[in-house]
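Pasting my_file25.txt here (compact mmCIF, C-alpha atoms and all ligand atoms):
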```txt
# COMPACT_ATOMS: atom_id res chain seq x y z
CA MET A 10 4.09 131.60 85.12
CA THR A 11 6.94 130.19 83.04
CA ALA A 12 7.01 130.99 79.36
CA GLN A 13 6.81 128.37 76.66
CA ILE A 14 9.99 128.39 74.60
CA ILE A 15 9.47 128.90 70.87
CA ASP A 16 11.60 126.28 69.12
CA GLY A 17 12.72 128.19 66.02
CA LYS A 18 15.00 125.35 64.96
CA ALA A 19 12.13 122.85 64.78
CA ILE A 20 9.74 125.29 63.08
CA ALA A 21 12.43 126.23 60.52
CA ALA A 22 13.10 122.53 59.86
CA GLY A 23 9.41 122.13 58.99
CA VAL A 24 9.54 125.11 56.61
CA ARG A 25 12.66 123.70 54.91
CA LYS A 26 11.00 120.28 54.56
CA ASP A 27 8.02 121.87 52.77
CA ILE A 28 10.37 123.81 50.47
CA LYS A 29 12.29 120.65 49.59
CA ALA A 30 9.02 118.87 48.78
CA GLU A 31 7.99 121.76 46.49
CA ILE A 32 11.35 121.77 44.73
CA ASP A 33 11.27 117.99 44.28
CA ALA A 34 7.78 118.33 42.78
CA ARG A 35 9.07 121.04 40.39
CA LEU A 36 11.94 118.83 39.25
CA ASN A 37 9.62 115.85 38.78
CA LYS A 38 7.50 118.00 36.47
CA GLY A 39 10.63 118.83 34.44
CA LEU A 40 10.84 122.41 35.74
CA ARG A 41 14.25 123.93 36.41
CA GLN A 42 16.15 124.02 39.68
CA PRO A 43 16.04 127.33 41.60
CA GLY A 44 19.38 129.16 41.83
CA LEU A 45 20.77 131.55 44.44
CA ALA A 46 23.92 133.66 44.00
CA VAL A 47 25.66 134.37 47.30
CA ILE A 48 28.26 137.14 47.47
CA LEU A 49 30.67 137.41 50.40
CA ILE A 50 33.22 140.20 50.45
CA GLY A 51 36.09 140.07 52.94
CA ASP A 52 36.73 137.56 55.71
CA ASP A 53 34.54 138.66 58.61
CA PRO A 54 34.25 135.45 60.70
CA ALA A 55 30.54 135.85 61.54
CA SER A 56 29.64 136.59 57.90
CA THR A 57 31.67 133.58 56.75
CA ILE A 58 29.68 131.31 59.10
CA TYR A 59 26.32 132.82 58.04
CA VAL A 60 27.17 132.32 54.36
CA ARG A 61 28.30 128.73 54.96
CA ASN A 62 25.01 127.98 56.73
CA LYS A 63 22.98 129.54 53.92
CA ARG A 64 24.84 127.58 51.22
CA GLN A 65 24.41 124.33 53.16
CA ALA A 66 20.69 125.03 53.63
CA CYS A 67 20.38 125.63 49.86
CA GLU A 68 22.02 122.29 49.08
CA GLU A 69 19.75 120.44 51.50
CA VAL A 70 16.54 121.64 49.84
CA GLY A 71 17.80 121.45 46.25
CA ILE A 72 18.56 125.10 45.48
CA LYS A 73 21.69 125.52 43.36
CA SER A 74 24.04 128.06 44.93
CA PHE A 75 26.53 130.15 43.00
CA TYR A 76 29.20 131.33 45.40
CA HIS A 77 31.25 134.50 44.92
CA GLU A 78 33.87 134.88 47.64
CA LEU A 79 35.72 138.13 47.00
CA PRO A 80 38.61 139.92 48.75
CA SER A 81 37.90 143.02 50.86
CA SER A 82 39.97 144.99 48.31
CA PHE A 83 37.23 144.33 45.71
CA SER A 84 35.89 147.62 44.33
CA GLN A 85 32.29 148.85 44.38
CA GLU A 86 32.38 149.26 40.57
CA ALA A 87 33.44 145.62 40.14
CA LEU A 88 30.72 144.50 42.54
CA ILE A 89 28.09 146.45 40.60
CA THR A 90 29.33 144.86 37.36
CA LEU A 91 28.98 141.41 38.95
CA ILE A 92 25.45 142.20 40.17
CA THR A 93 24.50 143.38 36.67
CA GLN A 94 25.70 140.07 35.22
CA LEU A 95 23.77 138.10 37.86
CA ASN A 96 20.64 140.17 37.17
CA GLN A 97 20.81 138.89 33.59
CA ASP A 98 21.77 135.30 34.39
CA THR A 99 18.72 133.10 33.77
CA GLN A 100 20.02 130.40 36.16
CA VAL A 101 20.07 132.86 39.06
CA ASP A 102 16.71 133.56 40.72
CA GLY A 103 18.02 135.24 43.85
CA ILE A 104 21.01 137.43 44.70
CA LEU A 105 22.20 137.66 48.28
CA ILE A 106 24.94 140.06 49.35
CA GLN A 107 26.11 139.24 52.85
CA LEU A 108 26.05 142.37 55.00
CA PRO A 109 27.80 144.28 56.42
CA LEU A 110 29.99 145.14 53.43
CA PRO A 111 33.50 146.51 54.11
CA SER A 112 33.43 150.24 54.91
CA HIS A 113 34.43 151.49 51.43
CA PHE A 114 31.14 150.20 49.98
CA GLU A 115 27.90 152.21 49.93
CA SER A 116 25.52 149.40 50.89
CA ASP A 117 22.37 151.29 49.91
CA LYS A 118 23.70 152.00 46.43
CA VAL A 119 24.84 148.39 45.95
CA ILE A 120 21.48 146.96 47.10
CA GLU A 121 19.63 149.21 44.65
CA CYS A 122 21.56 147.57 41.79
CA ILE A 123 19.95 144.18 42.48
CA ALA A 124 16.95 143.52 40.24
CA PRO A 125 13.97 143.79 42.65
CA GLU A 126 12.60 140.44 41.44
CA LYS A 127 15.90 138.77 42.48
CA ASP A 128 16.20 140.65 45.79
CA VAL A 129 15.57 137.61 48.00
CA ASP A 130 16.75 139.49 51.12
CA GLY A 131 13.89 141.95 50.51
CA PHE A 132 16.14 144.99 51.13
CA HIS A 133 15.62 146.83 47.82
CA PRO A 134 13.58 150.04 48.18
CA TYR A 135 11.02 148.59 45.75
CA ASN A 136 10.39 145.57 47.98
CA LEU A 137 10.36 147.66 51.17
CA GLY A 138 7.92 150.06 49.46
CA ARG A 139 5.66 147.17 48.49
CA LEU A 140 5.68 145.98 52.10
CA ALA A 141 4.86 149.52 53.29
CA GLN A 142 1.88 149.48 50.92
CA ARG A 143 0.77 146.14 52.42
CA ARG A 144 1.09 144.34 49.08
CA PRO A 145 4.46 142.66 49.56
CA LEU A 146 6.46 140.70 47.01
CA LEU A 147 9.83 139.62 48.40
CA ARG A 148 9.75 140.26 52.15
CA PRO A 149 12.84 140.87 54.34
CA CYS A 150 13.83 137.45 55.68
CA THR A 151 14.12 138.03 59.42
CA PRO A 152 10.84 139.94 59.92
CA TYR A 153 8.98 137.56 57.60
CA GLY A 154 10.50 134.65 59.54
CA VAL A 155 9.15 136.16 62.78
CA ILE A 156 5.66 136.34 61.25
CA THR A 157 5.95 132.67 60.26
CA LEU A 158 6.89 131.84 63.88
CA LEU A 159 3.91 133.79 65.26
CA ASP A 160 1.57 132.07 62.76
CA HIS A 161 2.98 128.67 63.67
CA ILE A 162 2.29 129.05 67.40
CA LYS A 163 -1.03 130.74 66.59
CA ILE A 164 -0.36 134.05 68.33
CA PRO A 165 -3.22 136.39 67.44
CA CYS A 166 -1.97 139.73 66.11
CA LYS A 167 -5.12 141.64 65.19
CA GLY A 168 -5.66 144.61 67.50
CA ARG A 169 -2.79 143.72 69.80
CA HIS A 170 -0.06 146.14 70.77
CA ALA A 171 3.31 145.22 69.25
CA VAL A 172 6.39 147.10 70.42
CA ILE A 173 9.45 146.86 68.22
CA VAL A 174 12.80 147.91 69.67
CA GLY A 175 15.08 148.79 66.75
CA ALA A 176 14.29 150.63 63.54
CA SER A 177 17.00 149.64 61.05
CA ASN A 178 16.05 149.42 57.38
CA ILE A 179 16.78 145.69 57.27
CA VAL A 180 15.30 144.44 60.56
CA GLY A 181 13.36 146.79 62.88
CA LEU A 182 11.57 148.91 60.30
CA PRO A 183 10.32 146.05 58.09
CA MET A 184 9.39 144.16 61.30
CA SER A 185 7.10 147.04 62.23
CA LEU A 186 5.58 147.04 58.72
CA GLU A 187 4.98 143.28 58.93
CA LEU A 188 3.23 143.60 62.30
CA LEU A 189 1.18 146.55 61.04
CA MET A 190 0.13 144.43 58.06
CA ALA A 191 -0.75 141.61 60.49
CA GLY A 192 -3.20 143.94 62.25
CA CYS A 193 -1.20 145.05 65.29
CA THR A 194 -1.10 148.51 66.73
CA ILE A 195 2.60 149.29 66.58
CA THR A 196 5.11 151.31 68.55
CA VAL A 197 8.65 151.56 67.18
CA CYS A 198 11.49 152.40 69.60
CA HIS A 199 15.04 153.41 68.68
CA SER A 200 18.14 154.84 70.29
CA LEU A 201 16.53 158.24 70.86
CA THR A 202 13.45 156.79 72.57
CA GLU A 203 13.08 158.12 76.09
CA ASP A 204 11.94 155.73 78.85
CA LEU A 205 12.14 152.55 76.79
CA SER A 206 10.71 150.55 79.72
CA ASP A 207 7.40 152.48 79.55
CA TYR A 208 6.80 151.19 76.02
CA VAL A 209 8.09 147.65 76.58
CA LYS A 210 5.75 147.26 79.58
CA GLN A 211 2.76 147.86 77.27
CA ALA A 212 3.70 145.22 74.70
CA ASP A 213 1.43 142.25 74.03
CA ILE A 214 4.04 141.28 71.44
CA LEU A 215 7.57 142.51 72.03
CA VAL A 216 10.18 142.23 69.28
CA SER A 217 13.69 143.33 70.12
CA ALA A 218 16.23 144.05 67.37
CA ALA A 219 18.55 146.53 69.05
CA GLY A 220 21.70 144.41 69.10
CA SER A 221 22.41 145.28 72.73
CA PRO A 222 22.76 142.40 75.23
CA GLY A 223 20.27 142.45 78.10
CA ILE A 224 18.83 145.84 77.15
CA ILE A 225 15.30 144.46 77.74
CA LYS A 226 14.88 143.74 81.43
CA GLY A 227 12.82 140.70 82.37
CA ALA A 228 10.81 142.75 84.88
CA TRP A 229 9.53 144.99 82.05
CA ILE A 230 7.73 142.13 80.28
CA LYS A 231 3.95 142.35 80.52
CA PRO A 232 2.49 139.17 82.04
CA GLY A 233 1.37 136.88 79.21
CA ALA A 234 3.32 138.71 76.49
CA THR A 235 4.97 137.08 73.49
CA VAL A 236 8.67 137.97 73.38
CA ILE A 237 10.66 137.66 70.17
CA ASP A 238 14.37 138.30 70.54
CA ILE A 239 16.05 139.00 67.21
CA GLY A 240 19.29 140.32 68.72
CA ILE A 241 22.45 138.30 68.26
CA ASN A 242 25.22 139.55 70.51
CA ARG A 243 28.61 137.91 70.95
CA LEU A 244 29.96 138.45 74.48
CA GLU A 245 33.67 138.69 75.30
CA ASP A 246 33.76 135.06 76.44
CA GLY A 247 32.39 134.01 73.04
CA THR A 248 28.83 133.21 74.17
CA ILE A 249 25.96 134.33 71.99
CA THR A 250 23.09 136.10 73.70
CA GLY A 251 20.03 138.11 72.75
CA ASP A 252 18.74 141.55 73.74
CA VAL A 253 16.35 140.19 76.38
CA GLU A 254 17.23 139.09 79.93
CA PHE A 255 15.98 135.60 79.16
CA ASN A 256 16.01 134.03 82.65
CA ALA A 257 14.00 136.88 84.14
CA ALA A 258 11.71 137.36 81.12
CA ILE A 259 10.48 133.73 81.15
CA LYS A 260 8.84 134.43 84.51
CA ASN A 261 6.44 136.96 82.92
CA ALA A 262 6.12 136.02 79.25
CA ALA A 263 3.73 133.41 77.87
CA TRP A 264 5.97 132.67 74.87
CA ILE A 265 9.63 133.53 74.26
CA THR A 266 12.31 132.81 71.67
CA PRO A 267 15.74 131.67 72.84
CA VAL A 268 19.01 132.98 71.39
CA PRO A 269 20.43 131.02 69.67
CA GLY A 270 17.76 128.69 68.28
CA GLY A 271 14.89 131.15 67.94
CA VAL A 272 14.70 133.65 65.10
CA GLY A 273 18.08 132.84 63.47
CA PRO A 274 17.04 129.51 61.86
CA MET A 275 13.84 131.20 60.57
CA THR A 276 15.90 133.82 58.72
CA VAL A 277 17.68 131.12 56.72
CA ALA A 278 14.47 129.15 56.05
CA THR A 279 12.78 132.34 54.81
CA LEU A 280 15.66 133.04 52.44
CA LEU A 281 15.02 129.64 50.85
CA LYS A 282 11.28 130.36 50.70
CA ASN A 283 11.93 133.71 49.00
CA THR A 284 14.28 132.10 46.47
CA LEU A 285 11.68 129.49 45.57
CA SER A 286 8.99 132.13 45.23
CA ALA A 287 11.29 134.26 43.00
CA THR A 288 11.81 131.18 40.79
CA ALA A 289 8.11 130.42 40.57
CA ARG A 290 7.33 134.04 39.71
CA TYR A 291 10.08 134.19 37.07
CA ASP A 292 8.94 130.97 35.42
CA ASN A 293 5.26 131.76 35.98
CA THR A 294 4.83 128.29 37.50
P1 LIG B 301 21.45 148.07 63.61
O1 LIG B 301 22.62 148.40 64.50
O2 LIG B 301 21.48 148.48 62.20
O3 LIG B 301 20.13 148.69 64.25
C1 LIG B 301 19.89 148.65 65.62
C2 LIG B 301 18.62 149.39 65.92
O4 LIG B 301 18.41 149.36 67.31
C3 LIG B 301 18.66 150.86 65.51
O5 LIG B 301 17.40 151.26 65.01
C4 LIG B 301 18.95 151.59 66.83
O6 LIG B 301 18.39 152.91 66.90
C5 LIG B 301 18.26 150.68 67.81
N1 LIG B 301 18.88 150.77 69.13
C6 LIG B 301 20.19 150.64 69.44
N2 LIG B 301 20.37 150.82 70.76
C7 LIG B 301 19.14 151.08 71.29
C8 LIG B 301 18.68 151.37 72.59
N3 LIG B 301 19.52 151.45 73.62
N4 LIG B 301 17.36 151.58 72.78
C9 LIG B 301 16.48 151.50 71.74
N5 LIG B 301 16.88 151.24 70.48
C10 LIG B 301 18.20 151.03 70.25
O7 LIG B 301 21.27 146.50 63.74
P2 LIG B 301 20.38 145.50 62.82
O8 LIG B 301 19.02 146.04 62.71
O9 LIG B 301 21.12 145.13 61.60
O10 LIG B 301 20.38 144.21 63.76
C11 LIG B 301 19.81 144.27 65.06
C12 LIG B 301 20.16 142.99 65.80
O11 LIG B 301 19.56 141.89 65.15
C13 LIG B 301 21.66 142.66 65.86
O12 LIG B 301 21.94 142.06 67.11
C14 LIG B 301 21.83 141.66 64.76
O13 LIG B 301 22.94 140.81 64.97
C15 LIG B 301 20.54 140.91 64.86
N6 LIG B 301 20.13 140.21 63.66
C16 LIG B 301 19.64 138.95 63.83
C17 LIG B 301 19.18 138.24 62.76
C18 LIG B 301 18.62 136.90 63.00
O14 LIG B 301 18.45 136.14 62.06
N7 LIG B 301 18.28 136.55 64.25
C19 LIG B 301 19.25 138.76 61.39
C20 LIG B 301 19.71 140.13 61.32
C21 LIG B 301 20.14 140.82 62.43
P3 LIG B 301 18.74 154.09 65.87
O15 LIG B 301 17.94 153.79 64.62
O16 LIG B 301 18.28 155.30 66.56
O17 LIG B 301 20.22 154.00 65.65
```
Using the file provided, produce a representation of the structure as structure tokens.
Ligand code: NDP
Amino acid sequence: MTAQIIDGKAIAAGVRKDIKAEIDARLNKGLRQPGLAVILIGDDPASTIYVRNKRQACEEVGIKSFYHELPSSFSQEALITLITQLNQDTQVDGILIQLPLPSHFESDKVIECIAPEKDVDGFHPYNLGRLAQRRPLLRPCTPYGVITLLDHIKIPCKGRHAVIVGASNIVGLPMSLELLMAGCTITVCHSLTEDLSDYVKQADILVSAAGSPGIIKGAWIKPGATVIDIGINRLEDGTITGDVEFNAAIKNAAWITPVPGGVGPMTVATLLKNTLSATARYDNT
């Protein structure tokens, strides 16, 4: 068996096309343009690229972006003041703070200052709580993007065993809540999990978000499984790779995402989707 490759780029392009059509229809009806404030602190090269991609994606679909590029010496108090202003700005529907923040910031405290209805990354405790209660509002972009991928290729979730490797508040944990809401039986693994392979071998749907290259061995993949690799790891020679041993895993899996070109483009498309839905909710349109 050789797995079918899930083309995240193509699926994300379809999502973005639909969003553009919705925004064009809004503008034709005389409704206002959605707005997204993007805050980048410091000059981390990866963050700078991610932010550039997000701004470009906004422009392409017709979302106005308000860019705040700030030095790493910027203080937490000043950042909170800026967030408070953006919370009140009626042109701004979504606020995105590119993570990770420099080490002198308390990310949790900063995220809690974003108005939940503008939290288009879905990281605010209110939005995570809503997801935990299975009545989500703004859903964390990467996990929600994975669900969109699974829906697109018509992978059934109900009653199937999903194993999630990684339990961070922004990726692994909300991924497990999404799959629970989709009807899966879930197992969540983390750095203290003993015998990781035992759990991975049982997965009908495997999602890896550990951020550790090749941690998931191809031989562990259950025949016919769906494998979603969220990990983005930069190797010393500059290549980008996922958490899964791709070349070995394709021999067992039925479906698999590549890295790059799998989940990454879905994260950006979902950010646009969340911004549009925040606008529609704000305007009650
Ligand atoms: P974190 O470092 O915050 O979390 C990693 C998680 O993996 C933790 O829960 C950790 O466990 C767990 N983990 C680490 N090592 C192991 C191991 N050996 N066995 C089992 N579990 C392990 O990372 P993030 O959640 O922020 O990101 C995860 C990955 O996803 C990264 O590669 C990141 O670049 C990528 N990413 C990709 C996105 C995309 O769009 N494709 C978007 C966002 C992130 P513990 O909780 O015990 O520490």
**Asked** Could you pull the residues within 10 Å of Cys193 (chain A), counting only C-alpha atoms, minus those fewer than 6 positions along the same chain, as an NGL selection string?
**Response** :A and (165-172 or 185-187 or 213-214)
**Request:** Just give me the residues with any atom within 8 Å of (20.3, 141.1, 68.6), file coordinates, counting only C-alpha atoms, written as a VMD selection string.
**Result:** chain A and resid 217 to 222 238 to 242 250 to 252
**Message:** Give me, as a PyMOL selection string, the set of residues whose atoms come within 7 Å of any atom of ligand LIG 301 (chain B), counting all atoms listed in the file.
**Reply:** chain A and resi 151+174-181+198-202+205+218-221+224+239-242+272-276
**Item:** Length of the CA of Ala278 (chain A) to CA of Gln42 (chain A) vector [Å]
**Value:**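 Interatomic distance, CA of Ala278 (chain A) to CA of Gln42 (chain A): 17.2 Å.
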Show which residues sit within 8 Å of region 65-77 of chain A, as a CSV table (one decimal) with C-alpha atoms, in the coordinates of the input. Count all atoms listed in the file, and ignore same-chain residues fewer than 6 positions away.
```
chain,number,residue,atom,x,y,z
A,25,ARG,CA,12.7,123.7,54.9
A,26,LYS,CA,11.0,120.3,54.6
A,28,ILE,CA,10.4,123.8,50.5
A,29,LYS,CA,12.3,120.6,49.6
A,32,ILE,CA,11.4,121.8,44.7
A,33,ASP,CA,11.3,118.0,44.3
A,42,GLN,CA,16.2,124.0,39.7
A,43,PRO,CA,16.0,127.3,41.6
A,44,GLY,CA,19.4,129.2,41.8
A,45,LEU,CA,20.8,131.6,44.4
A,46,ALA,CA,23.9,133.7,44.0
A,47,VAL,CA,25.7,134.4,47.3
A,48,ILE,CA,28.3,137.1,47.5
A,49,LEU,CA,30.7,137.4,50.4
A,277,VAL,CA,17.7,131.1,56.7
A,278,ALA,CA,14.5,129.2,56.0
A,281,LEU,CA,15.0,129.6,50.8
```
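Rounded to one decimal, CA of Leu189 (chain A) and CA of Ala21 (chain A) lie 23.2 Å from each other.
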**Request:** Using all atoms listed in the file, determine which residues lie at most 8 Å from Met184 (chain A), disregarding the query and same-chain residues fewer than 6 positions distant; provide the list as a PyMOL selection string.
**Result:** chain A and resi 151-153+173
Expected file contents, prior selection, C-alpha atoms, as a PDB file, keeping the file's coordinate frame:
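Produced file again_17.pdb, reproduced below:
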```pdb
ATOM      1  CA  THR A 151      14.120 138.030  59.420  1.00  0.00           C
ATOM      2  CA  PRO A 152      10.840 139.940  59.920  1.00  0.00           C
ATOM      3  CA  TYR A 153       8.980 137.560  57.600  1.00  0.00           C
ATOM      4  CA  ILE A 173       9.450 146.860  68.220  1.00  0.00           C
TER       5      ILE A 173
END
```
**Request:** Point out the residue among A:Ala124, A:Asp16, A:Glu115, A:Asn136 with the least atom-to-atom distance to Val101 (chain A), counting all atoms listed in the file.
**Result:**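 Among A:Ala124, A:Asp16, A:Glu115, A:Asn136, it is A:Ala124 that comes nearest to Val101 (chain A).
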Region 89-111 of chain A near region 283-288 of chain A within 10 Å: what's each residue's closest atom pair and its distance in Å to one decimal, counting only C-alpha atoms, ordered by chain then ascending residue number, as CSV?
```
residue,atom,partner,partner_atom,distance
A:Gln100,CA,A:Thr288,CA,9.5
A:Val101,CA,A:Thr288,CA,8.6
A:Asp102,CA,A:Thr288,CA,5.4
A:Gly103,CA,A:Thr284,CA,5.5
A:Ile104,CA,A:Thr284,CA,8.8
A:Leu105,CA,A:Thr284,CA,9.8
```
**Asked** Taking only C-alpha atoms into account, which of A:Ala262, A:Leu140, A:Leu215, A:Leu147 comes nearest Pro183 (chain A)?
**Response**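 Closest residue, counting only C-alpha atoms: A:Leu140.
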**Residue nearest Gly17 (chain A) - candidates A:His161, A:His133, A:Lys210, A:Lys118, atoms counted: only C-alpha atoms** =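 Under the stated criterion, the closest residue is A:His161.
A straight line drawn from CA of Leu182 (chain A) to CA of Thr90 (chain A) is 29.3 Å long.
Shortest atom-to-atom contact with Asp117 (chain A) among A:Thr93, A:Asn37, A:Gln85, A:Thr99: A:Gln85, counting only C-alpha atoms.
With only C-alpha atoms as the basis for measurement, A:Leu158 is the residue among A:Leu280, A:Val60, A:Ile265, A:Leu158 that approaches Lys18 (chain A) most closely.
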